[in-house]
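Text of the file start_25.txt, holding compact mmCIF, C-alpha atoms:
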# COMPACT_ATOMS: atom_id res chain seq x y z
CA MET K 4 -0.29 -7.91 15.17
CA LEU K 5 2.42 -5.98 13.31
CA ALA K 6 6.15 -6.19 13.95
CA ASN K 7 7.41 -3.06 15.74
CA ALA K 8 9.49 -1.81 12.79
CA LEU K 9 6.60 -2.28 10.37
CA GLU K 10 4.18 -0.60 12.72
CA ARG K 11 6.53 2.40 12.95
CA ILE K 12 6.87 2.90 9.18
CA LEU K 13 3.08 2.54 8.77
CA GLY K 14 2.49 5.48 11.08
CA GLY K 15 1.84 3.64 14.33
CA ASN K 16 3.53 3.79 17.70
CA PRO K 17 5.17 0.48 18.70
CA LEU K 18 4.89 1.53 22.36
CA THR K 19 1.07 1.52 22.26
CA SER K 20 -1.48 -1.02 21.05
CA ASP K 21 -2.53 0.83 17.89
CA SER K 22 -1.46 -1.73 15.27
CA ALA K 23 -5.09 -2.25 14.15
CA ILE K 24 -5.34 1.47 13.38
CA CYS K 25 -2.25 1.53 11.14
CA SER K 26 -2.79 -1.83 9.44
CA PRO K 27 -3.19 -1.67 5.65
CA GLN K 28 -6.79 -1.91 4.44
CA ALA K 29 -8.33 -3.19 1.20
CA SER K 30 -11.66 -2.33 -0.39
CA VAL K 31 -13.37 -2.86 -3.72
CA VAL K 32 -14.73 0.28 -5.38
CA GLY K 33 -16.51 -0.54 -8.63
CA ASN K 34 -14.02 -2.52 -10.71
CA LYS K 35 -11.00 -1.43 -8.68
CA LEU K 36 -9.18 -2.89 -5.68
CA VAL K 37 -7.92 -0.08 -3.43
CA ILE K 38 -5.14 -0.73 -0.90
CA THR K 39 -4.75 2.05 1.68
CA PHE K 40 -2.14 2.56 4.36
CA SER K 41 -0.26 5.26 6.26
CA ARG K 42 3.43 6.05 5.88
CA ASN K 43 5.80 7.94 8.16
CA ASP K 44 7.71 10.66 6.30
CA ASP K 45 11.06 9.48 7.62
CA SER K 46 10.54 6.02 6.11
CA GLU K 47 9.93 7.16 2.49
CA VAL K 48 13.54 6.41 1.51
CA SER K 49 14.77 4.17 4.33
CA ALA K 50 11.99 1.59 3.96
CA PRO K 51 10.81 1.46 0.33
CA ARG K 52 7.34 0.03 -0.18
CA ARG K 53 5.60 -1.68 -3.01
CA VAL K 54 2.23 -3.26 -3.55
CA GLU K 55 2.42 -6.63 -5.24
CA CYS K 56 -0.59 -7.88 -7.15
CA GLY K 57 -1.58 -10.76 -9.39
CA THR K 58 -4.33 -13.11 -10.43
CA HIS K 59 -2.48 -16.08 -8.96
CA TRP K 60 -0.93 -16.15 -5.48
CA GLU K 61 2.41 -17.42 -6.84
CA ILE K 62 2.93 -14.79 -9.57
CA TRP K 63 3.24 -11.13 -8.53
CA SER K 64 3.64 -7.82 -10.37
CA GLU K 65 5.21 -4.95 -8.44
CA VAL K 66 3.78 -1.45 -8.06
CA ALA K 67 6.39 0.89 -6.58
CA VAL K 68 5.19 3.41 -4.00
CA GLY K 69 7.42 6.46 -4.36
CA ALA K 70 7.56 9.77 -2.53
CA THR K 71 4.82 11.36 -4.68
CA SER K 72 1.60 10.37 -6.43
CA SER K 73 1.87 8.68 -9.81
CA VAL K 74 -0.06 6.95 -12.58
CA LEU K 75 1.72 3.84 -13.79
CA GLY K 76 1.58 3.12 -17.51
CA SER K 77 -1.65 2.82 -19.45
CA ASN K 78 -3.14 0.06 -17.30
CA GLY K 79 -4.85 2.47 -14.88
CA ILE K 80 -2.82 1.75 -11.74
CA VAL K 81 -2.77 4.87 -9.58
CA VAL K 82 -0.65 5.61 -6.51
CA ALA K 83 -2.17 8.56 -4.62
CA ILE K 84 -0.23 10.09 -1.75
CA GLU K 85 -1.70 12.72 0.55
CA GLU K 86 1.01 14.61 2.43
CA ASN K 87 -0.18 15.35 5.98
CA GLY K 88 2.56 17.64 7.26
CA SER K 89 4.30 16.03 10.22
CA ALA K 90 1.55 13.37 10.53
CA PRO K 91 1.88 10.12 8.55
CA ASP K 92 1.04 10.38 4.84
CA SER K 93 -2.08 8.68 3.51
CA VAL K 94 -1.36 6.32 0.62
CA ALA K 95 -3.90 4.66 -1.70
CA VAL K 96 -2.94 2.26 -4.48
CA THR K 97 -5.75 1.62 -6.96
CA LEU K 98 -5.61 -1.57 -9.04
CA PRO K 99 -8.20 -1.98 -11.82
CA PHE K 100 -9.57 -5.43 -12.59
CA SER K 101 -12.42 -7.05 -14.48
CA LEU K 102 -14.37 -9.95 -13.02
CA SER K 103 -15.09 -11.20 -16.53
CA THR K 104 -11.37 -11.64 -17.32
CA GLN K 105 -9.90 -11.76 -13.79
CA PRO K 106 -12.11 -13.77 -11.43
CA ARG K 107 -9.76 -12.92 -8.57
CA LEU K 108 -7.01 -10.43 -7.76
CA PHE K 109 -4.50 -10.88 -4.95
CA ALA K 110 -2.56 -7.96 -3.45
CA ARG K 111 -0.09 -7.47 -0.63
CA LEU K 112 2.02 -4.67 0.80
CA ARG K 113 5.77 -5.33 0.94
CA THR K 114 8.54 -3.28 2.47
CA VAL K 115 12.25 -3.63 3.06
CA LEU K 116 13.45 -2.81 6.56
CA ASP K 117 16.98 -1.49 6.96
Starting from the file, give its structure as structure tokens.
Amino acid sequence: MLANALERILGGNPLTSDSAICSPQASVVGNKLVITFSRNDDSEVSAPRRVECGTHWEIWSEVAVGATSSVLGSNGIVVAIEENGSAPDSVAVTLPFSLSTQPRLFARLRTVLD
């Protein structure tokens, strides 16, 4: 179950029981971990988001999720944002990894609520 404010910025309606629909999802596609979630347009600036990732649950690197799509550095991290008009945007953060050098990869979505 999501907190009402978080559900709202992720494109849900806190007045209905749709938190499972707007919950962030994770999938492995080849050698990439893909985190997907929705984002209300009005929360792009008021509730900044980032995906944190790392090979150990105590040490995290931050991937900023801005207003537009981006490729971060030369490490292959991609933030893809699909603008959906007045509907919530679709966001996918792709994190490359190699099982031979990284036997595990942790990721989480973080936001700051004003």
For Ile12 of chain K, which residue out of K:Leu108, K:Ile80, K:Val66, K:Ala90 is the nearest one, using only C-alpha atoms?
K:Ala90
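Nearest to Ala8 of chain K of all the residues K:Ser77, K:Ser101, K:Gln28, K:Asn43 is K:Asn43, based on only C-alpha atoms.
Nearest residue to Glu86 of chain K, choosing from K:Arg53, K:Arg42, K:Phe100, K:Val48 and counting only C-alpha atoms: K:Arg42.
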Given only C-alpha atoms as the basis, pick out the residue of K:Pro27, K:Ala110, K:Ala6, K:Phe40 nearest to Leu98 of chain K.
K:Ala110
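For the residues K:Leu9, K:Ala29, K:Ile62, K:Ala50, ranking by smallest atom-to-atom distance to Val96 of chain K using all atoms listed in the file places K:Ala29 first.
Candidate residues K:Gln105, K:Gly88, K:Arg113, K:Gly15 were compared for distance to Val68 of chain K, and the nearest is K:Arg113, using all atoms listed in the file.
Interatomic distance, atom CA of Ser72 of chain K to atom CA of Gly57 of chain K: 21.6 Å.
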May I have the residues at most 12 Å from (-8.0, -0.9, 0.5) in the file's coordinates, counting only C-alpha atoms, as a PyMOL selection string?
chain K and resi 26-32+35-41+54+93-98+109-112
Interatomic distance between atom CA of Ile84 of chain K and atom CA of Ala67 of chain K?
12.3 Å
What is the distance between atom CA of Thr104 of chain K and atom CA of Ala83 of chain K, in Å to one decimal?
25.6 Å
